[in-house]
>>> print(open('input02.csv').read())   # CSV, C-alpha atoms
chain,number,residue,atom,x,y,z
A,9,MET,CA,5.2,-7.8,17.3
A,10,THR,CA,3.7,-5.4,14.8
A,11,LEU,CA,0.7,-6.7,13.0
A,12,GLU,CA,-1.1,-5.3,10.0
A,13,ILE,CA,-4.8,-6.2,9.6
A,14,GLU,CA,-5.8,-5.2,6.1
A,15,ARG,CA,-8.4,-5.9,3.4
A,16,LYS,CA,-7.6,-5.1,-0.2
A,17,PHE,CA,-9.9,-4.6,-3.2
A,18,LEU,CA,-9.4,-4.4,-6.9
A,19,LEU,CA,-11.2,-1.5,-8.5
A,20,THR,CA,-12.5,-1.8,-12.1
A,21,GLU,CA,-12.7,2.0,-12.5
A,22,LEU,CA,-11.3,5.1,-10.9
A,23,PRO,CA,-13.6,6.9,-8.4
A,24,GLU,CA,-14.7,10.4,-9.1
A,25,PRO,CA,-11.9,13.0,-8.5
A,26,SER,CA,-14.1,14.6,-5.8
A,27,ILE,CA,-13.8,11.3,-3.9
A,28,LEU,CA,-10.0,10.8,-4.5
A,29,GLY,CA,-8.7,14.3,-3.8
A,30,THR,CA,-5.0,14.9,-4.4
A,31,GLY,CA,-2.6,12.0,-4.3
A,32,GLN,CA,1.0,11.4,-3.4
A,33,PRO,CA,3.3,10.0,-6.1
A,34,MET,CA,5.6,7.3,-4.8
A,35,ARG,CA,8.1,4.8,-6.1
A,36,GLN,CA,8.5,1.4,-4.5
A,37,GLY,CA,11.1,-1.2,-5.1
A,38,TYR,CA,11.6,-4.7,-3.6
A,39,VAL,CA,15.1,-5.3,-2.1
A,40,ALA,CA,14.3,-9.0,-1.4
A,41,GLU,CA,11.4,-11.4,-1.6
A,42,GLN,CA,11.3,-15.0,-0.5
A,43,ASP,CA,8.3,-17.2,0.2
A,44,ASP,CA,5.9,-15.0,2.2
A,45,VAL,CA,8.5,-12.3,3.2
A,46,ALA,CA,9.1,-9.1,1.3
A,47,VAL,CA,11.5,-6.3,2.0
A,48,ARG,CA,10.8,-3.1,0.2
A,49,VAL,CA,11.9,0.5,0.0
A,50,ARG,CA,9.2,3.2,-0.6
A,51,ILE,CA,10.2,6.7,-1.6
A,52,ALA,CA,7.7,9.7,-1.7
A,53,ASP,CA,8.3,13.4,-1.9
A,54,ALA,CA,9.1,14.0,1.8
A,55,SER,CA,9.6,10.6,3.2
A,56,ALA,CA,11.2,7.2,2.7
A,57,GLN,CA,10.6,3.8,4.5
A,58,LEU,CA,11.9,0.4,4.6
A,59,THR,CA,9.1,-2.1,5.1
A,60,ILE,CA,9.3,-5.8,6.0
A,61,LYS,CA,6.1,-7.8,5.5
A,62,ALA,CA,5.7,-11.5,6.4
A,63,GLY,CA,2.8,-13.8,6.1
A,64,THR,CA,-0.3,-13.9,4.0
A,65,GLY,CA,-4.0,-13.2,4.3
A,66,LEU,CA,-5.8,-10.7,6.5
A,67,VAL,CA,-3.2,-10.5,9.3
A,68,ARG,CA,0.5,-10.2,8.6
A,69,THR,CA,3.6,-9.0,10.4
A,70,GLU,CA,4.7,-5.6,9.2
A,71,VAL,CA,7.6,-3.5,10.4
A,72,GLU,CA,8.3,-0.1,9.0
A,73,LEU,CA,11.5,1.9,9.5
A,74,GLN,CA,12.0,5.5,8.5
A,75,LEU,CA,15.0,6.1,6.2
A,76,THR,CA,16.9,9.2,5.2
A,77,ALA,CA,16.9,10.1,1.5
A,78,ASP,CA,20.5,8.9,1.2
A,79,GLN,CA,19.6,5.5,2.8
A,80,ALA,CA,16.6,5.0,0.6
A,81,GLU,CA,18.5,5.9,-2.6
A,82,SER,CA,21.3,3.5,-1.6
A,83,LEU,CA,18.8,0.6,-1.3
A,84,TRP,CA,17.0,1.7,-4.5
A,85,ARG,CA,20.0,0.6,-6.5
A,86,HIS,CA,19.3,-2.9,-5.4
A,87,THR,CA,15.7,-3.0,-6.6
A,88,GLU,CA,16.4,-3.1,-10.4
A,89,GLY,CA,13.7,-5.2,-12.1
A,90,ARG,CA,11.4,-5.1,-9.1
A,91,ARG,CA,10.0,-1.6,-9.1
A,92,LEU,CA,6.7,0.1,-9.5
A,93,ALA,CA,5.3,3.7,-9.5
A,94,LYS,CA,2.0,4.7,-8.2
A,95,VAL,CA,0.0,7.7,-6.8
A,96,ARG,CA,-1.6,7.0,-3.4
A,97,HIS,CA,-4.9,8.8,-2.5
A,98,ARG,CA,-6.0,8.8,1.1
A,99,VAL,CA,-9.8,8.8,1.3
A,100,PRO,CA,-11.5,9.2,4.7
A,101,LEU,CA,-14.5,6.8,5.0
A,102,GLY,CA,-16.8,9.1,6.8
A,103,SER,CA,-19.5,6.5,7.1
A,104,GLN,CA,-17.2,4.3,9.1
A,105,ALA,CA,-15.5,6.4,11.8
A,106,GLY,CA,-11.7,6.5,11.8
A,107,LEU,CA,-11.2,4.4,8.6
A,108,THR,CA,-9.2,5.6,5.6
A,109,ALA,CA,-9.1,4.0,2.2
A,110,GLU,CA,-5.8,4.1,0.5
A,111,VAL,CA,-6.4,4.1,-3.2
A,112,ASP,CA,-3.3,3.3,-5.3
A,113,VAL,CA,-3.3,4.2,-9.0
A,114,TYR,CA,-0.4,2.5,-10.7
A,115,ALA,CA,1.7,3.8,-13.5
A,116,GLY,CA,4.2,2.3,-16.0
A,117,GLU,CA,3.9,-1.4,-16.7
A,118,LEU,CA,1.1,-1.6,-14.2
A,119,SER,CA,-0.8,1.3,-15.7
A,120,GLY,CA,-4.6,0.7,-15.5
A,121,LEU,CA,-4.3,-1.2,-12.2
A,122,VAL,CA,-6.2,0.5,-9.3
A,123,THR,CA,-6.4,-1.0,-5.8
A,124,VAL,CA,-7.8,0.1,-2.5
A,125,GLU,CA,-6.7,-1.0,1.0
A,126,VAL,CA,-8.2,-0.4,4.4
A,127,GLU,CA,-6.3,-1.2,7.6
A,128,PHE,CA,-8.2,-2.1,10.8
A,129,ALA,CA,-7.5,-2.2,14.5
A,130,SER,CA,-8.8,-5.7,15.0
A,131,GLN,CA,-9.9,-8.7,13.0
A,132,GLN,CA,-13.5,-8.1,14.3
A,133,ASP,CA,-13.4,-4.6,12.8
A,134,ALA,CA,-12.2,-6.1,9.5
A,135,ALA,CA,-15.0,-8.7,9.5
A,136,ALA,CA,-17.6,-6.0,10.3
A,137,PHE,CA,-16.4,-3.7,7.5
A,138,VAL,CA,-18.9,-3.0,4.7
A,139,ALA,CA,-17.1,-1.8,1.6
A,140,PRO,CA,-18.5,1.1,-0.3
A,141,SER,CA,-19.9,0.1,-3.8
A,142,TRP,CA,-17.0,1.8,-5.6
A,143,PHE,CA,-14.4,-0.5,-4.0
A,144,GLY,CA,-14.9,-3.4,-6.5
A,145,ARG,CA,-14.2,-7.0,-5.7
A,146,GLU,CA,-12.0,-8.1,-2.8
>>> encode(input="input02.csv", output="structure tokens")
Amino acid sequence: MTLEIERKFLLTELPEPSILGTGQPMRQGYVAEQDDVAVRVRIADASAQLTIKAGTGLVRTEVELQLTADQAESLWRHTEGRRLAKVRHRVPLGSQAGLTAEVDVYAGELSGLVTVEVEFASQQDAAAFVAPSWFGRE
């Protein structure tokens, strides 16, 4: 079983560009959602994935499958009305070895929304994590 252990925060303002660095534009569409299971396709410049997430809270099941561009575009047609666009910035958290913050700056209807996620190797690591002040509320 593949598990994702992740904490997510809502930023009230965008960090300095020197913190963010360059980002990767991506589009994401939901093929299906029911109860606590979501199936999405995510397309970036050089990659595409199908992701299935199940569960809620800190620990969830997550399975990611690489797609070809043609496979991703075929699925994209089925996400009408359930799409979003964002730029993802990967920010190494030097003060906490091995951790990376994924800062998502949303566009379109979600413009103004900025979130940050950090994935952990264990629930203990997640519990011990001290978020930088720029993260905002969890």
>>> atom_distance(input="input02.csv", atom1="CA of Val138 (chain A)", atom2="CA of Pro100 (chain A)")
14.3 Å
>>> closest_residue(input="input02.csv", among="A:Tyr38, A:Tyr114, A:Phe143, A:Trp84", to="Lys16 (chain A)", atoms="only C-alpha atoms")
A:Phe143
>>> closest_residue(input="input02.csv", among="A:Thr10, A:Lys94, A:Thr69, A:Val99", to="Gly120 (chain A)", atoms="all atoms listed in the file")
A:Lys94
>>> atom_distance(input="input02.csv", atom1="CA of Glu21 (chain A)", atom2="CA of Ala54 (chain A)")
28.7 Å
>>> residues_near_point(input="input02.csv", point="(6.8, -3.2, 10.8)", cutoff="9 Å", atoms="only C-alpha atoms", output="VMD selection string")
chain A and resid 9 to 12 58 to 61 69 to 73
>>> residues_near_point(input="input02.csv", point="(11.7, -4.9, 1.3)", cutoff="10 Å", atoms="only C-alpha atoms", output="NGL selection string")
:A and (36-41 or 45-50 or 57-61 or 72 or 83 or 87)
>>> atom_distance(input="input02.csv", atom1="CA of Glu110 (chain A)", atom2="CA of Val126 (chain A)")
6.4 Å
>>> closest_residue(input="input02.csv", among="A:Ile51, A:Leu18, A:Leu92, A:Ile13", to="Phe128 (chain A)", atoms="all atoms listed in the file")
A:Ile13
>>> closest_residue(input="input02.csv", among="A:Ala134, A:Ser119, A:Val111, A:Gly144", to="Pro25 (chain A)", atoms="only C-alpha atoms")
A:Val111
>>> residues_around(input="input02.csv", residues="Glu14 (chain A)", least_positions_apart="4", cutoff="12 Å", atoms="only C-alpha atoms", output="PyMOL selection string")
chain A and resi 64-70+107-110+124-135+137+146
>>> closest_residue(input="input02.csv", among="A:Val95, A:Leu101, A:Val122, A:Ala136", to="Thr30 (chain A)", atoms="only C-alpha atoms")
A:Val95
>>> closest_residue(input="input02.csv", among="A:Gly116, A:Ala56, A:Thr20, A:Ala139", to="Ala77 (chain A)", atoms="all atoms listed in the file")
A:Ala56
>>> decode(input="input02.csv", residues="region 10-30 of chain A", atoms="N, CA, C and O atoms", output="CSV table (one decimal), in the first residue's frame")
chain,number,residue,atom,x,y,z
A,10,THR,N,0.5,2.2,-0.8
A,10,THR,CA,1.2,3.5,-0.8
A,10,THR,C,0.5,4.5,0.0
A,10,THR,O,-0.6,4.8,-0.2
A,11,LEU,N,1.2,5.0,1.0
A,11,LEU,CA,0.7,6.1,1.9
A,11,LEU,C,1.3,7.4,1.7
A,11,LEU,O,2.5,7.5,1.4
A,12,GLU,N,0.5,8.4,1.8
A,12,GLU,CA,1.0,9.8,1.8
A,12,GLU,C,0.7,10.4,3.2
A,12,GLU,O,-0.4,10.3,3.7
A,13,ILE,N,1.8,10.9,3.8
A,13,ILE,CA,1.7,11.6,5.1
A,13,ILE,C,2.0,13.0,4.8
A,13,ILE,O,3.2,13.4,4.4
A,14,GLU,N,1.0,13.9,5.0
A,14,GLU,CA,1.2,15.2,4.5
A,14,GLU,C,0.5,16.2,5.4
A,14,GLU,O,-0.6,15.9,5.9
A,15,ARG,N,1.1,17.4,5.6
A,15,ARG,CA,0.4,18.5,6.3
A,15,ARG,C,0.3,19.6,5.3
A,15,ARG,O,1.2,19.8,4.4
A,16,LYS,N,-0.8,20.3,5.3
A,16,LYS,CA,-1.1,21.4,4.4
A,16,LYS,C,-1.5,22.7,5.1
A,16,LYS,O,-2.2,22.6,6.1
A,17,PHE,N,-1.0,23.8,4.6
A,17,PHE,CA,-1.2,25.1,5.2
A,17,PHE,C,-1.8,26.1,4.2
A,17,PHE,O,-1.5,25.9,3.0
A,18,LEU,N,-2.5,27.1,4.7
A,18,LEU,CA,-3.1,28.1,3.8
A,18,LEU,C,-2.3,29.4,4.0
A,18,LEU,O,-2.3,29.9,5.2
A,19,LEU,N,-1.7,29.9,3.0
A,19,LEU,CA,-0.9,31.1,3.1
A,19,LEU,C,-1.8,32.3,2.9
A,19,LEU,O,-2.7,32.3,2.1
A,20,THR,N,-1.5,33.3,3.7
A,20,THR,CA,-2.3,34.6,3.5
A,20,THR,C,-1.6,35.5,2.6
A,20,THR,O,-2.2,36.5,2.1
A,21,GLU,N,-0.3,35.3,2.4
A,21,GLU,CA,0.4,36.2,1.4
A,21,GLU,C,1.5,35.3,0.8
A,21,GLU,O,2.0,34.4,1.4
A,22,LEU,N,1.9,35.7,-0.4
A,22,LEU,CA,3.0,35.0,-1.1
A,22,LEU,C,4.4,35.3,-0.5
A,22,LEU,O,4.7,36.4,-0.2
A,23,PRO,N,5.2,34.3,-0.3
A,23,PRO,CA,6.5,34.5,0.2
A,23,PRO,C,7.4,35.3,-0.8
A,23,PRO,O,7.0,35.4,-2.0
A,24,GLU,N,8.5,35.8,-0.4
A,24,GLU,CA,9.4,36.5,-1.3
A,24,GLU,C,9.8,35.7,-2.4
A,24,GLU,O,10.0,34.5,-2.3
A,25,PRO,N,10.0,36.3,-3.6
A,25,PRO,CA,10.4,35.5,-4.8
A,25,PRO,C,11.8,34.8,-4.5
A,25,PRO,O,12.0,33.7,-5.1
A,26,SER,N,12.6,35.4,-3.7
A,26,SER,CA,13.9,34.7,-3.4
A,26,SER,C,13.7,33.4,-2.7
A,26,SER,O,14.5,32.5,-2.8
A,27,ILE,N,12.6,33.2,-1.9
A,27,ILE,CA,12.2,32.0,-1.3
A,27,ILE,C,11.6,31.0,-2.3
A,27,ILE,O,11.9,29.8,-2.3
A,28,LEU,N,10.7,31.5,-3.1
A,28,LEU,CA,9.9,30.7,-4.0
A,28,LEU,C,10.8,30.1,-5.2
A,28,LEU,O,10.6,28.9,-5.5
A,29,GLY,N,11.6,30.9,-5.8
A,29,GLY,CA,12.3,30.5,-6.9
A,29,GLY,C,11.4,30.3,-8.1
A,29,GLY,O,10.3,30.8,-8.1
A,30,THR,N,11.8,29.6,-9.2
A,30,THR,CA,10.9,29.4,-10.3
A,30,THR,C,9.9,28.3,-10.0
A,30,THR,O,10.2,27.4,-9.3
